[in-house]
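The next block is input-v9.cif, given as mmCIF, N, CA and C atoms.
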```cif
data_entry
#
loop_
_atom_site.label_atom_id
_atom_site.label_comp_id
_atom_site.auth_asym_id
_atom_site.auth_seq_id
_atom_site.Cartn_x
_atom_site.Cartn_y
_atom_site.Cartn_z
N MET J 1 41.33 124.52 177.92
CA MET J 1 41.61 125.74 178.66
C MET J 1 43.11 125.98 178.69
N ILE J 2 43.51 127.19 178.40
CA ILE J 2 44.92 127.55 178.41
C ILE J 2 45.20 128.43 179.61
N THR J 3 46.21 128.07 180.36
CA THR J 3 46.67 128.90 181.47
C THR J 3 47.51 130.02 180.89
N GLU J 4 47.40 131.21 181.46
CA GLU J 4 48.16 132.36 180.98
C GLU J 4 49.01 132.92 182.10
N ILE J 5 50.28 133.20 181.79
CA ILE J 5 51.18 133.83 182.75
C ILE J 5 52.00 134.90 182.03
N THR J 6 52.66 135.72 182.82
CA THR J 6 53.54 136.74 182.25
C THR J 6 54.88 136.12 181.87
N SER J 7 55.57 136.77 180.96
CA SER J 7 56.88 136.27 180.56
C SER J 7 57.87 136.31 181.73
N GLU J 8 57.70 137.26 182.62
CA GLU J 8 58.58 137.36 183.79
C GLU J 8 58.39 136.15 184.70
N LYS J 9 57.13 135.79 184.97
CA LYS J 9 56.86 134.62 185.80
C LYS J 9 57.35 133.35 185.10
N PHE J 10 57.16 133.29 183.77
CA PHE J 10 57.63 132.13 183.02
C PHE J 10 59.14 132.00 183.14
N LYS J 11 59.84 133.10 182.97
CA LYS J 11 61.30 133.10 183.05
C LYS J 11 61.77 132.65 184.44
N ASN J 12 61.11 133.14 185.47
CA ASN J 12 61.51 132.81 186.85
C ASN J 12 61.16 131.38 187.24
N ASN J 13 60.21 130.77 186.56
CA ASN J 13 59.75 129.42 186.90
C ASN J 13 59.79 128.48 185.70
N LEU J 14 60.78 128.66 184.85
CA LEU J 14 60.86 127.94 183.58
C LEU J 14 60.71 126.43 183.74
N ASP J 15 61.54 125.82 184.57
CA ASP J 15 61.50 124.36 184.72
C ASP J 15 60.14 123.87 185.21
N THR J 16 59.59 124.55 186.19
CA THR J 16 58.30 124.15 186.75
C THR J 16 57.19 124.28 185.72
N GLU J 17 57.16 125.41 185.01
CA GLU J 17 56.10 125.64 184.02
C GLU J 17 56.19 124.67 182.85
N VAL J 18 57.40 124.42 182.36
CA VAL J 18 57.57 123.49 181.26
C VAL J 18 57.18 122.08 181.69
N SER J 19 57.61 121.68 182.87
CA SER J 19 57.26 120.34 183.38
C SER J 19 55.75 120.19 183.49
N ARG J 20 55.07 121.23 183.96
CA ARG J 20 53.61 121.18 184.10
C ARG J 20 52.95 121.01 182.74
N CYS J 21 53.44 121.72 181.73
CA CYS J 21 52.90 121.59 180.37
C CYS J 21 53.04 120.15 179.87
N ILE J 22 54.21 119.59 180.06
CA ILE J 22 54.49 118.25 179.56
C ILE J 22 53.69 117.20 180.33
N GLU J 23 53.73 117.26 181.64
CA GLU J 23 53.09 116.24 182.47
C GLU J 23 51.57 116.28 182.38
N ASN J 24 50.99 117.47 182.30
CA ASN J 24 49.53 117.61 182.29
C ASN J 24 48.95 117.75 180.89
N HIS J 25 49.80 117.72 179.87
CA HIS J 25 49.35 117.89 178.49
C HIS J 25 48.50 119.14 178.35
N GLU J 26 49.01 120.24 178.92
CA GLU J 26 48.31 121.52 178.87
C GLU J 26 49.17 122.54 178.16
N ALA J 27 48.53 123.39 177.39
CA ALA J 27 49.23 124.50 176.75
C ALA J 27 49.35 125.65 177.75
N LEU J 28 50.39 126.44 177.58
CA LEU J 28 50.63 127.60 178.44
C LEU J 28 50.81 128.82 177.56
N LYS J 29 50.00 129.85 177.78
CA LYS J 29 50.13 131.10 177.04
C LYS J 29 51.00 132.04 177.86
N VAL J 30 52.10 132.47 177.27
CA VAL J 30 53.04 133.37 177.94
C VAL J 30 52.90 134.74 177.29
N LYS J 31 52.46 135.71 178.07
CA LYS J 31 52.23 137.05 177.55
C LYS J 31 53.41 137.95 177.89
N ARG J 32 53.97 138.55 176.84
CA ARG J 32 55.10 139.44 177.01
C ARG J 32 54.64 140.84 177.38
N ALA J 33 55.54 141.65 177.91
CA ALA J 33 55.21 143.00 178.35
C ALA J 33 54.67 143.86 177.22
N ASP J 34 55.11 143.60 175.98
CA ASP J 34 54.64 144.39 174.84
C ASP J 34 53.27 143.95 174.34
N GLY J 35 52.68 142.94 174.99
CA GLY J 35 51.35 142.46 174.62
C GLY J 35 51.37 141.24 173.73
N GLU J 36 52.47 140.98 173.04
CA GLU J 36 52.59 139.78 172.22
C GLU J 36 52.65 138.56 173.14
N ALA J 37 52.25 137.43 172.61
CA ALA J 37 52.24 136.21 173.43
C ALA J 37 52.75 135.04 172.60
N PHE J 38 53.14 133.98 173.30
CA PHE J 38 53.51 132.73 172.64
C PHE J 38 52.97 131.58 173.46
N ILE J 39 52.87 130.43 172.81
CA ILE J 39 52.30 129.24 173.44
C ILE J 39 53.38 128.20 173.67
N VAL J 40 53.36 127.57 174.82
CA VAL J 40 54.29 126.50 175.16
C VAL J 40 53.48 125.21 175.28
N ILE J 41 53.89 124.18 174.52
CA ILE J 41 53.27 122.87 174.63
C ILE J 41 54.36 121.81 174.56
N GLY J 42 54.06 120.64 175.08
CA GLY J 42 55.00 119.53 175.04
C GLY J 42 55.13 118.97 173.63
N GLU J 43 56.26 118.33 173.37
CA GLU J 43 56.53 117.77 172.04
C GLU J 43 55.49 116.72 171.64
N THR J 44 55.11 115.86 172.56
CA THR J 44 54.11 114.83 172.26
C THR J 44 52.80 115.46 171.82
N ASP J 45 52.40 116.50 172.52
CA ASP J 45 51.15 117.19 172.16
C ASP J 45 51.28 117.87 170.80
N TRP J 46 52.43 118.47 170.52
CA TRP J 46 52.63 119.11 169.22
C TRP J 46 52.56 118.07 168.10
N LYS J 47 53.18 116.91 168.31
CA LYS J 47 53.14 115.87 167.28
C LYS J 47 51.71 115.41 167.02
N SER J 48 50.89 115.35 168.06
CA SER J 48 49.48 114.99 167.88
C SER J 48 48.75 116.03 167.05
N ILE J 49 49.04 117.29 167.30
CA ILE J 49 48.43 118.37 166.53
C ILE J 49 48.88 118.29 165.06
N GLU J 50 50.18 118.05 164.85
CA GLU J 50 50.68 117.92 163.48
C GLU J 50 49.99 116.78 162.74
N GLU J 51 49.81 115.65 163.42
CA GLU J 51 49.15 114.51 162.79
C GLU J 51 47.71 114.84 162.43
N THR J 52 47.01 115.51 163.33
CA THR J 52 45.63 115.91 163.07
C THR J 52 45.56 116.86 161.87
N LEU J 53 46.45 117.83 161.82
CA LEU J 53 46.47 118.76 160.69
C LEU J 53 46.75 118.03 159.38
N TYR J 54 47.68 117.09 159.42
CA TYR J 54 48.01 116.32 158.22
C TYR J 54 46.79 115.51 157.73
N LEU J 55 46.16 114.79 158.67
CA LEU J 55 45.01 113.97 158.29
C LEU J 55 43.86 114.81 157.76
N ASN J 56 43.69 116.00 158.28
CA ASN J 56 42.60 116.87 157.82
C ASN J 56 42.85 117.44 156.43
N ARG J 57 44.10 117.37 155.95
CA ARG J 57 44.40 117.83 154.59
C ARG J 57 44.01 116.79 153.54
N ILE J 58 43.82 115.55 153.93
CA ILE J 58 43.47 114.49 153.00
C ILE J 58 41.96 114.56 152.75
N PRO J 59 41.56 114.78 151.51
CA PRO J 59 40.12 114.90 151.22
C PRO J 59 39.34 113.67 151.69
N GLY J 60 38.28 113.93 152.47
CA GLY J 60 37.39 112.87 152.94
C GLY J 60 37.88 112.13 154.18
N MET J 61 39.10 112.38 154.63
CA MET J 61 39.65 111.62 155.76
C MET J 61 38.88 111.89 157.05
N ALA J 62 38.59 113.14 157.35
CA ALA J 62 37.88 113.46 158.60
C ALA J 62 36.51 112.78 158.63
N GLU J 63 35.80 112.81 157.51
CA GLU J 63 34.49 112.16 157.44
C GLU J 63 34.62 110.66 157.62
N SER J 64 35.66 110.08 157.03
CA SER J 64 35.90 108.64 157.14
C SER J 64 36.18 108.23 158.58
N ILE J 65 36.95 109.03 159.28
CA ILE J 65 37.27 108.75 160.68
C ILE J 65 36.01 108.85 161.53
N LEU J 66 35.21 109.89 161.30
CA LEU J 66 33.97 110.05 162.06
C LEU J 66 33.01 108.90 161.81
N LYS J 67 32.91 108.47 160.57
CA LYS J 67 32.03 107.35 160.22
C LYS J 67 32.51 106.07 160.91
N ALA J 68 33.81 105.83 160.87
CA ALA J 68 34.37 104.62 161.50
C ALA J 68 34.16 104.65 163.01
N ALA J 69 34.22 105.83 163.62
CA ALA J 69 34.04 105.94 165.07
C ALA J 69 32.62 105.58 165.49
N GLU J 70 31.67 105.75 164.59
CA GLU J 70 30.27 105.43 164.89
C GLU J 70 29.98 103.93 164.75
N GLU J 71 30.85 103.21 164.07
CA GLU J 71 30.63 101.79 163.82
C GLU J 71 30.90 100.98 165.09
N PRO J 72 29.99 100.10 165.47
CA PRO J 72 30.22 99.26 166.66
C PRO J 72 31.45 98.37 166.47
N LEU J 73 32.22 98.19 167.52
CA LEU J 73 33.42 97.35 167.45
C LEU J 73 33.08 95.92 167.03
N SER J 74 31.89 95.47 167.36
CA SER J 74 31.49 94.11 167.01
C SER J 74 31.41 93.90 165.49
N LEU J 75 31.30 94.98 164.73
CA LEU J 75 31.25 94.88 163.27
C LEU J 75 32.63 94.93 162.63
N GLY J 76 33.65 95.19 163.45
CA GLY J 76 35.00 95.29 162.93
C GLY J 76 35.65 93.93 162.69
N THR J 77 36.88 93.97 162.20
CA THR J 77 37.65 92.76 161.93
C THR J 77 38.65 92.54 163.05
N ASP J 78 38.72 91.32 163.56
CA ASP J 78 39.71 91.00 164.59
C ASP J 78 41.11 91.12 164.02
N LEU J 79 42.05 91.59 164.83
CA LEU J 79 43.43 91.76 164.36
C LEU J 79 44.01 90.46 163.84
N GLU J 80 43.63 89.35 164.46
CA GLU J 80 44.15 88.05 164.03
C GLU J 80 43.73 87.69 162.62
N GLU J 81 42.64 88.29 162.15
CA GLU J 81 42.12 87.97 160.82
C GLU J 81 42.75 88.83 159.73
N LEU J 82 43.49 89.83 160.09
CA LEU J 82 44.10 90.71 159.09
C LEU J 82 45.33 90.04 158.49
N ASP J 83 45.48 90.20 157.20
CA ASP J 83 46.63 89.64 156.48
C ASP J 83 47.64 90.76 156.26
N TRP J 84 48.56 90.88 157.20
CA TRP J 84 49.56 91.96 157.11
C TRP J 84 50.58 91.55 156.13
#
```

As a first step, turn the structure in this file into structure tokens.
Amino acid sequence: MITEITSEKFKNNLDTEVSRCIENHEALKVKRADGEAFIVIGETDWKSIEETLYLNRIPGMAESILKAAEEPLSLGTDLEELDW
């Protein structure tokens, strides 16, 4: 869910609104008087989105991740057994 506010309210409450986005990991839609809008999100959240977009560009990666998520942890390899 994205919260929406006017650009005037955003301007008047910049620090509070930005802090809320960062602390709550929520996007904020700021609507300008001309009807155009922009989205404000925290850097950590943006980096997560970038990583997801990157991984989805690799053929078969999304399917591989979904398949691995279905596998019980008991079938996995203990970290101590990995040869880094």

Minimum-distance residue to J:Lys31, chosen among J:Thr16, J:Thr52, J:Ser7, J:Thr44 (using only N, CA and C atoms) |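 Distance minimum relative to J:Lys31 lands on J:Ser7.
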
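Distance-wise, atom N of J:Glu36 and atom C of J:Leu53 end up 27.3 Å apart.
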
One decimal place gives the atom C of J:Gly76-atom N of J:Ser64 separation as 17.1 Å

**Item:** alpha helix (DSSP H) residues, from DSSP on the backbone, in chain J, as a PyMOL selection string
**Value:** chain J and resi 7-12+14-24+43-57+61-70

Exercise for review: Can you pull out every residue within 7 Å of J:Ile2, counting only N, CA and C atoms, but drop anything in the same chain fewer than 5 positions away, and send it as a PyMOL selection string?
Suggested key: chain J and resi 26-29

message = Just to confirm, what's the straight-line distance from atom N of J:Ile39 to atom C of J:Ile5 in Å (one decimal)?
response =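 Atom-to-atom, atom N of J:Ile39 to atom C of J:Ile5, that is 10.3 Å.
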
Residues picked by the PyMOL selection byres (((chain J and resi 21 and name CA) around 12) and name CA) here, as a ChimeraX atom specification?
-> /J:2-4,10,14-20,22-29,39-46

Members of chain J assigned strand (DSSP E) by DSSP, as a ChimeraX atom specification: /J:3-6,28-31,37-40

First collect every listed atom of stretch 4-21 of chain J; then fit an axis-aligned box around them, widen it by 3 Å on each side, and give centre and edge lengths in Å to one decimal, as lines of an AutoDock Vina configuration file.
```
center_x = 54.6
center_y = 128.8
center_z = 183.6
size_x = 20.4
size_y = 23.2
size_z = 13.4
```

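Between J:Lys9 and the candidates J:Val30, J:Ala69, J:Leu55, J:Leu75, the tightest atom-to-atom separation, counting only C-alpha atoms, involves J:Val30.
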